[in-house]
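Below is entry39.cif, holding mmCIF, C-alpha atoms.
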data_my_file
loop_
_atom_site.group_PDB
_atom_site.id
_atom_site.type_symbol
_atom_site.label_atom_id
_atom_site.label_comp_id
_atom_site.auth_asym_id
_atom_site.auth_seq_id
_atom_site.Cartn_x
_atom_site.Cartn_y
_atom_site.Cartn_z
ATOM 1 C CA MET F 1 10.673 15.104 10.722
ATOM 2 C CA ARG F 2 9.822 11.989 12.660
ATOM 3 C CA PHE F 3 11.690 8.696 12.779
ATOM 4 C CA ALA F 4 12.251 5.493 14.691
ATOM 5 C CA GLN F 5 14.920 2.859 14.583
ATOM 6 C CA VAL F 6 13.249 -0.427 13.654
ATOM 7 C CA ARG F 7 14.184 -4.072 13.750
ATOM 8 C CA THR F 8 13.381 -6.341 10.839
ATOM 9 C CA GLY F 9 11.811 -9.701 11.378
ATOM 10 C CA ARG F 10 10.888 -12.383 8.900
ATOM 11 C CA GLN F 11 11.186 -11.942 5.151
ATOM 12 C CA PHE F 12 8.867 -13.432 2.558
ATOM 13 C CA VAL F 13 8.242 -13.388 -1.167
ATOM 14 C CA LEU F 14 4.553 -13.495 -2.043
ATOM 15 C CA ALA F 15 3.392 -14.438 -5.541
ATOM 16 C CA LEU F 16 -0.137 -13.348 -6.362
ATOM 17 C CA ASP F 17 -1.532 -15.240 -9.320
ATOM 18 C CA HIS F 18 -3.686 -14.387 -12.330
ATOM 19 C CA GLY F 19 -7.077 -13.000 -11.341
ATOM 20 C CA GLU F 20 -6.284 -12.438 -7.658
ATOM 21 C CA ASP F 21 -7.126 -9.152 -5.980
ATOM 22 C CA PHE F 22 -3.861 -7.402 -5.074
ATOM 23 C CA LEU F 23 -4.863 -5.771 -1.779
ATOM 24 C CA GLU F 24 -7.075 -8.650 -0.606
ATOM 25 C CA GLY F 25 -4.309 -11.163 -1.331
ATOM 26 C CA LEU F 26 -1.690 -9.018 0.404
ATOM 27 C CA THR F 27 -3.774 -8.377 3.527
ATOM 28 C CA GLN F 28 -4.896 -12.017 3.752
ATOM 29 C CA PHE F 29 -1.280 -13.200 3.499
ATOM 30 C CA CYS F 30 -0.248 -10.749 6.235
ATOM 31 C CA ALA F 31 -3.132 -11.911 8.442
ATOM 32 C CA ASP F 32 -2.216 -15.585 7.884
ATOM 33 C CA GLN F 33 1.424 -14.858 8.798
ATOM 34 C CA ASP F 34 0.523 -12.448 11.650
ATOM 35 C CA ILE F 35 2.392 -9.549 10.012
ATOM 36 C CA ARG F 36 1.246 -6.288 11.612
ATOM 37 C CA ALA F 37 3.988 -4.006 10.268
ATOM 38 C CA GLY F 38 6.543 -4.093 7.499
ATOM 39 C CA TYR F 39 7.523 -2.806 4.125
ATOM 40 C CA ILE F 40 7.583 -3.844 0.503
ATOM 41 C CA PRO F 41 10.919 -2.657 -0.928
ATOM 42 C CA THR F 42 9.635 -3.153 -4.476
ATOM 43 C CA PHE F 43 7.245 -5.383 -6.361
ATOM 44 C CA VAL F 44 6.799 -6.238 -10.040
ATOM 45 C CA GLY F 45 3.905 -7.664 -11.958
ATOM 46 C CA GLY F 46 1.101 -7.349 -14.396
ATOM 47 C CA LEU F 47 -2.238 -5.842 -13.487
ATOM 48 C CA ARG F 48 -5.406 -6.488 -15.485
ATOM 49 C CA ALA F 49 -7.042 -3.397 -13.977
ATOM 50 C CA ALA F 50 -6.204 -0.914 -11.261
ATOM 51 C CA ARG F 51 -7.763 1.966 -9.382
ATOM 52 C CA LEU F 52 -5.299 4.787 -8.736
ATOM 53 C CA VAL F 53 -5.630 8.128 -6.992
ATOM 54 C CA GLY F 54 -6.021 10.685 -9.766
ATOM 55 C CA SER F 55 -8.275 13.050 -11.634
ATOM 56 C CA CYS F 56 -8.786 14.204 -15.191
ATOM 57 C CA GLU F 57 -10.040 17.576 -13.926
ATOM 58 C CA PRO F 58 -8.032 20.574 -12.690
ATOM 59 C CA LEU F 59 -7.340 20.410 -8.948
ATOM 60 C CA THR F 60 -9.417 22.862 -6.931
ATOM 61 C CA ASP F 61 -6.854 22.867 -4.088
ATOM 62 C CA PRO F 62 -3.391 21.532 -5.032
ATOM 63 C CA GLU F 63 -2.381 21.527 -1.331
ATOM 64 C CA ALA F 64 -5.206 19.196 -0.289
ATOM 65 C CA PRO F 65 -5.051 15.426 -0.779
ATOM 66 C CA LEU F 66 -6.922 14.055 -3.763
ATOM 67 C CA TRP F 67 -9.597 11.504 -2.880
ATOM 68 C CA GLU F 68 -10.766 10.894 -6.468
ATOM 69 C CA GLU F 69 -9.716 7.864 -8.505
ATOM 70 C CA VAL F 70 -9.094 6.800 -12.079
ATOM 71 C CA HIS F 71 -9.492 3.326 -13.543
ATOM 72 C CA VAL F 72 -6.739 1.962 -15.811
ATOM 73 C CA GLU F 73 -6.379 -1.397 -17.548
ATOM 74 C CA THR F 74 -3.641 -3.767 -18.751
ATOM 75 C CA LEU F 75 -0.575 -2.511 -16.872
ATOM 76 C CA GLU F 76 2.983 -3.525 -16.161
ATOM 77 C CA ALA F 77 3.667 -2.282 -12.641
ATOM 78 C CA LEU F 78 6.579 -1.554 -10.324
ATOM 79 C CA GLY F 79 5.808 -0.370 -6.813
ATOM 80 C CA GLY F 80 6.509 -0.445 -3.119
ATOM 81 C CA GLY F 81 5.052 0.614 0.182
ATOM 82 C CA THR F 82 4.643 0.278 3.906
ATOM 83 C CA LEU F 83 2.455 -1.997 5.992
ATOM 84 C CA ALA F 84 1.252 -0.423 9.227
ATOM 85 C CA TRP F 85 -1.420 -1.270 11.786
ATOM 86 C CA ASP F 86 -4.542 0.886 12.008
ATOM 87 C CA PRO F 87 -5.394 0.771 15.735
ATOM 88 C CA GLU F 88 -8.810 2.433 15.253
ATOM 89 C CA LYS F 89 -10.001 -0.175 12.734
ATOM 90 C CA ASP F 90 -7.808 -2.952 14.233
ATOM 91 C CA CYS F 91 -6.510 -4.047 10.848
ATOM 92 C CA LEU F 92 -3.556 -3.772 8.502
ATOM 93 C CA ALA F 93 -3.362 -0.511 6.529
ATOM 94 C CA PRO F 94 -1.128 -0.945 3.453
ATOM 95 C CA HIS F 95 0.175 2.213 1.776
ATOM 96 C CA ILE F 96 1.189 1.192 -1.729
ATOM 97 C CA HIS F 97 2.351 3.337 -4.653
ATOM 98 C CA VAL F 98 2.891 2.148 -8.202
ATOM 99 C CA ALA F 99 4.549 3.270 -11.384
ATOM 100 C CA ALA F 100 2.738 1.509 -14.192
ATOM 101 C CA GLY F 101 2.901 1.440 -17.962
ATOM 102 C CA LEU F 102 -0.294 1.083 -19.965
ATOM 103 C CA LYS F 103 0.590 -1.684 -22.419
ATOM 104 C CA ALA F 104 -1.999 -0.666 -25.026
ATOM 105 C CA LYS F 105 -0.702 2.927 -25.150
ATOM 106 C CA SER F 106 3.011 2.401 -25.919
ATOM 107 C CA ALA F 107 3.595 1.851 -22.181
ATOM 108 C CA GLU F 108 2.386 5.387 -21.408
ATOM 109 C CA GLY F 109 2.839 5.758 -17.664
ATOM 110 C CA ARG F 110 0.826 6.392 -14.543
ATOM 111 C CA VAL F 111 2.279 6.928 -11.077
ATOM 112 C CA SER F 112 0.069 7.117 -8.011
ATOM 113 C CA HIS F 113 -1.327 5.612 -4.833
ATOM 114 C CA LEU F 114 -2.870 2.168 -5.434
ATOM 115 C CA LEU F 115 -6.504 1.860 -4.328
ATOM 116 C CA GLY F 116 -7.111 -1.582 -5.779
ATOM 117 C CA ALA F 117 -5.994 -3.926 -8.551
ATOM 118 C CA THR F 118 -6.508 -7.324 -10.139
ATOM 119 C CA VAL F 119 -3.393 -9.324 -11.048
ATOM 120 C CA GLN F 120 -2.759 -10.304 -14.652
ATOM 121 C CA PHE F 121 -0.448 -13.338 -14.944
ATOM 122 C CA ILE F 122 1.624 -12.773 -11.764
ATOM 123 C CA CYS F 123 2.705 -10.186 -9.214
ATOM 124 C CA GLU F 124 5.857 -10.853 -7.172
ATOM 125 C CA ILE F 125 5.995 -9.074 -3.806
ATOM 126 C CA PRO F 126 8.938 -9.253 -1.373
ATOM 127 C CA ILE F 127 7.746 -8.421 2.166
ATOM 128 C CA VAL F 128 9.996 -7.493 5.088
ATOM 129 C CA GLU F 129 8.366 -7.640 8.502
ATOM 130 C CA VAL F 130 9.140 -4.854 10.989
ATOM 131 C CA VAL F 131 8.970 -6.027 14.580
ATOM 132 C CA GLY F 132 7.788 -3.903 17.508
ATOM 133 C CA ASP F 133 8.046 -4.513 21.213
ATOM 134 C CA ASP F 134 5.634 -6.824 23.018
ATOM 135 C CA ASP F 135 3.101 -4.001 23.419
ATOM 136 C CA GLY F 136 2.178 -3.666 19.755
ATOM 137 C CA PRO F 137 3.256 -3.198 16.157
ATOM 138 C CA ALA F 138 6.319 -1.150 15.222
ATOM 139 C CA LEU F 139 4.424 0.894 12.610
ATOM 140 C CA THR F 140 0.949 2.366 12.970
ATOM 141 C CA ARG F 141 -1.300 4.444 10.753
ATOM 142 C CA ARG F 142 -3.681 7.002 12.261
ATOM 143 C CA ARG F 143 -5.658 9.747 10.552
ATOM 144 C CA SER F 144 -4.574 13.324 11.208
ATOM 145 C CA ALA F 145 -7.624 15.567 11.706
ATOM 146 C CA ASP F 146 -5.554 18.753 11.236
ATOM 147 C CA LEU F 147 -4.059 17.508 7.962
ATOM 148 C CA TYR F 148 -7.143 16.735 5.840
ATOM 149 C CA ASP F 149 -7.694 13.429 7.700
ATOM 150 C CA VAL F 150 -4.706 11.875 5.906
ATOM 151 C CA PRO F 151 -3.574 8.567 7.471
ATOM 152 C CA LEU F 152 0.002 9.164 8.678
ATOM 153 C CA LEU F 153 2.706 6.690 9.555
ATOM 154 C CA GLY F 154 3.419 6.444 13.269
ATOM 155 C CA PHE F 155 5.881 4.482 15.357
ATOM 156 C CA GLY F 156 4.867 2.092 18.085
ATOM 157 C CA LYS F 157 1.843 2.038 20.303
ATOM 158 C CA SER F 158 2.009 5.665 21.452
ATOM 159 C CA SER F 159 2.018 7.346 18.030
#

Rewritten as structure tokens:
Amino acid sequence: MRFAQVRTGRQFVLALDHGEDFLEGLTQFCADQDIRAGYIPTFVGGLRAARLVGSCEPLTDPEAPLWEEVHVETLEALGGGTLAWDPEKDCLAPHIHVAAGLKAKSAEGRVSHLLGATVQFICEIPIVEVVGDDDGPALTRRRSADLYDVPLLGFGKSS
């Protein structure tokens, strides 16, 4: 277990509109507002199409992370995530998960890590900034070579 006590900063509500790219809109908003760390407690919205981590094939190693993706269309989505700074790439690294119902299939559900999406109608995203000390962001995301290269959440400049 790892943890850190954090201090919240500014709070926003972002509305992404019809046709906007979810991750591009989110990262551009964070760049414009100089948000380097934070969290999304929950978001709601419609998605025209989304790319989610998933596979239609049996998993060869259930312990390893899955890097494959599936494409789904016309979704109602509920999700949340963390916003951390990737010091190696010097950019924001959102980690977003969604639970989404496929409207054309009696709202049959999908739950997974969001790789990309296009908004249908609107997506409403509350964002809570997490403030670090003067030396850097409060939350970071670095890849762990001994854990399948998975990007893990870290705390502060030293993690």

Where does segment 113-136 of chain F meet segment 54-67 of chain F within 12 Å, residue by residue, with the nearest atom pair and distance in Å to one decimal for each, counting only C-alpha atoms, listed by chain and rising number, as a Markdown table?
| residue | atom | partner | partner_atom | distance |
| --- | --- | --- | --- | --- |
| F:His113 | CA | F:Gly54 | CA | 8.5 |
| F:Leu114 | CA | F:Gly54 | CA | 10.1 |
| F:Leu115 | CA | F:Trp67 | CA | 10.2 |

Selected residue, from F:Gly116, F:Gly46, F:Pro137, F:Pro94, that lies nearest to Val70 of chain F when counting all atoms listed in the file: F:Gly116

I'd like the neighbourhood of Glu76 of chain F as a PyMOL selection string, where a residue qualifies if any of its atoms comes within 10 Å (using all atoms listed in the file), though same-chain residues fewer than 3 positions away should be ignored. chain F and resi 44-48+73+98-103+107+109+120+123

Using all atoms of segment 114-120 of chain F that appear in the file, construct an axis-aligned enclosing box with 3 Å of padding on every side and provide its centre coordinates and edge lengths in Å, rounded to one decimal, as JSON.
{"center_x": -4.9, "center_y": -4.1, "center_z": -9.5, "size_x": 10.4, "size_y": 18.5, "size_z": 16.3}

Interatomic distance between atom CA of His71 of chain F and atom CA of Ala50 of chain F?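 Atom-to-atom, atom CA of His71 of chain F and atom CA of Ala50 of chain F are spaced 5.8 Å apart.
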